[in-house]
Amino acid sequence: MIVITGPTGNISRHLLPLLLESAPAAGEELRVVVRDPARLADAVREHVEVITGSHGDAQVVDRAFEGADAVFWLVPPDASLTPEDAYCGFTRPAAKALASHGVGHVVGVSALGRGTPVADHAGLVTASLAMDDLIAGTGVAYRALANPSFFENLLEEADSIREKGVFADTVDADRKAPLVAVADIAAVAAGLLLDRSWTGTDSVPVLGPQDLSPNDLARIMTEQLGRPVRYERQPLDDLHTTLVGYGLNEAFVRGITDMKRAKDDGLDAGVARTPDTASPTTFEQWCARTLKPAVLS
């Protein structure tokens, strides 16, 4: 039995089809934890057991983890909380349930940065790494998917790219860093969940095929979209003011700005890209398949 949390989220919606295709032949059953089962496709609901509720709720995870052999753990973003509450606070009921039900393996969505000089003051990433430690402390075999920023973050900029030819972030325009497609993260997760020969605790970096700077992204978007796109660097103080103005928890906003400052200071540069840590989807491919339809629709 494999349990998938966040099945309608960016990563899990790619993970579920992979598991639905491969799990039956491997003798695996699938169970999902979802607040609103209506958001699941009919084809999914017909082939999985559904537990309704939040996987941050103790009673829900107690039901969900009963008889489970493996869990895919993904914390949903909640900007109304502090970073500690959003990650460790949300995960504590699950950690207790993992231990009480003797779940053997967990694959969690986390971040790059462990072991770097900025890891202890990297905001949301620091909170995510603490969550990894909390899960590992239950005694399960644990693999933390150590991810950089996602290509999909640029979908939030689709309107600005369409209307102004501009996308924004807070890092230096020439700062090269790994970036990854969420579909590639899902593929790594599926492999780990289906082949549970691994033991102990470790991180599994998923780094994409190459490091790219914002200026590189602008050049590739210009080529793929057939229109000029440029990068605009936003001061961290301006981002803080904007996000607080949206009503987000100020501590959570600080977690975002601390994370972005750490990324500009090399947070994602602590792991070398090798055949084992690289993932296949290029930014050019992702632009053609995903960003171009969103911008030009």
# chains A, B, ... in the order shown; residues from 1 in each chain; ligands from 1
>>> residues_around(residues="A:Leu212", least_positions_apart="4", cutoff="7 Å", atoms="only C-alpha atoms", output="short mmCIF file (atom, residue, chain, number, x, y, z; two decimals) with all heavy atoms, in the first residue's frame")
data_model
loop_
_atom_site.label_atom_id
_atom_site.label_comp_id
_atom_site.auth_asym_id
_atom_site.auth_seq_id
_atom_site.Cartn_x
_atom_site.Cartn_y
_atom_site.Cartn_z
N LYS A 176 23.69 31.80 -11.88
CA LYS A 176 23.28 30.51 -12.42
C LYS A 176 22.94 29.55 -11.27
O LYS A 176 23.65 29.52 -10.26
CB LYS A 176 24.38 29.91 -13.30
CG LYS A 176 24.57 30.65 -14.62
CD LYS A 176 25.60 29.95 -15.49
CE LYS A 176 25.81 30.66 -16.81
NZ LYS A 176 24.66 30.50 -17.73
N ALA A 177 21.87 28.79 -11.46
CA ALA A 177 21.44 27.86 -10.43
C ALA A 177 20.64 26.74 -11.09
O ALA A 177 20.12 26.90 -12.19
CB ALA A 177 20.56 28.57 -9.38
N PRO A 178 20.55 25.59 -10.43
CA PRO A 178 19.73 24.52 -10.99
C PRO A 178 18.25 24.88 -10.94
O PRO A 178 17.80 25.63 -10.07
CB PRO A 178 20.03 23.33 -10.08
CG PRO A 178 20.51 23.93 -8.80
CD PRO A 178 21.20 25.20 -9.17
N ASP A 216 19.59 33.86 -18.70
CA ASP A 216 19.44 32.69 -19.57
C ASP A 216 17.97 32.38 -19.80
O ASP A 216 17.55 32.08 -20.92
CB ASP A 216 20.11 31.46 -18.94
CG ASP A 216 21.61 31.56 -18.86
OD1 ASP A 216 22.22 32.21 -19.74
OD2 ASP A 216 22.18 30.98 -17.91
N LEU A 217 17.17 32.44 -18.74
CA LEU A 217 15.74 32.17 -18.87
C LEU A 217 15.09 33.16 -19.82
O LEU A 217 14.25 32.78 -20.66
CB LEU A 217 15.06 32.23 -17.50
CG LEU A 217 15.55 31.25 -16.43
CD1 LEU A 217 14.76 31.47 -15.14
CD2 LEU A 217 15.43 29.81 -16.90
#
>>> residues_around(residues="A:Ala97", least_positions_apart="3", cutoff="12 Å", atoms="only C-alpha atoms", output="PyMOL selection string")
chain A and resi 55-68+71+91-94+100-104+135+138-140
>>> closest_residue(among="A:Asp264, A:Asp202, A:Asp211, A:Glu223", to="A:Thr170", atoms="only C-alpha atoms")
A:Asp264
>>> atom_distance(atom1="atom CA of A:Phe151", atom2="atom CA of A:Leu179")
6.3 Å
>>> residues_around(residues="A:Val188", least_positions_apart="4", cutoff="8 Å", atoms="only C-alpha atoms", output="ChimeraX atom specification")
/A:184,192,206
>>> atom_distance(atom1="atom CA of A:Glu156", atom2="atom CA of A:Phe72")
25.5 Å
>>> closest_residue(among="A:Leu15, A:Ile4, A:Val118, A:Ala70", to="A:Ile51", atoms="only C-alpha atoms")
A:Ile4
>>> residues_around(residues="A:Gly113", least_positions_apart="3", cutoff="6 Å", atoms="only C-alpha atoms", output="number ranges by chain")
A: 116, 119, 267-268
>>> atom_distance(atom1="atom CA of A:Ala26", atom2="atom CA of A:Val75")
26.9 Å
>>> residues_around(residues="stretch 85-87 of chain A", least_positions_apart="2", cutoff="10 Å", atoms="only C-alpha atoms", output="NGL selection string")
:A and (56 or 74-83 or 89-92 or 124-132 or 134 or 252)
>>> residues_around(residues="A:Met259", least_positions_apart="4", cutoff="8 Å", atoms="only C-alpha atoms", output="PyMOL selection string")
chain A and resi 121-125+255+263
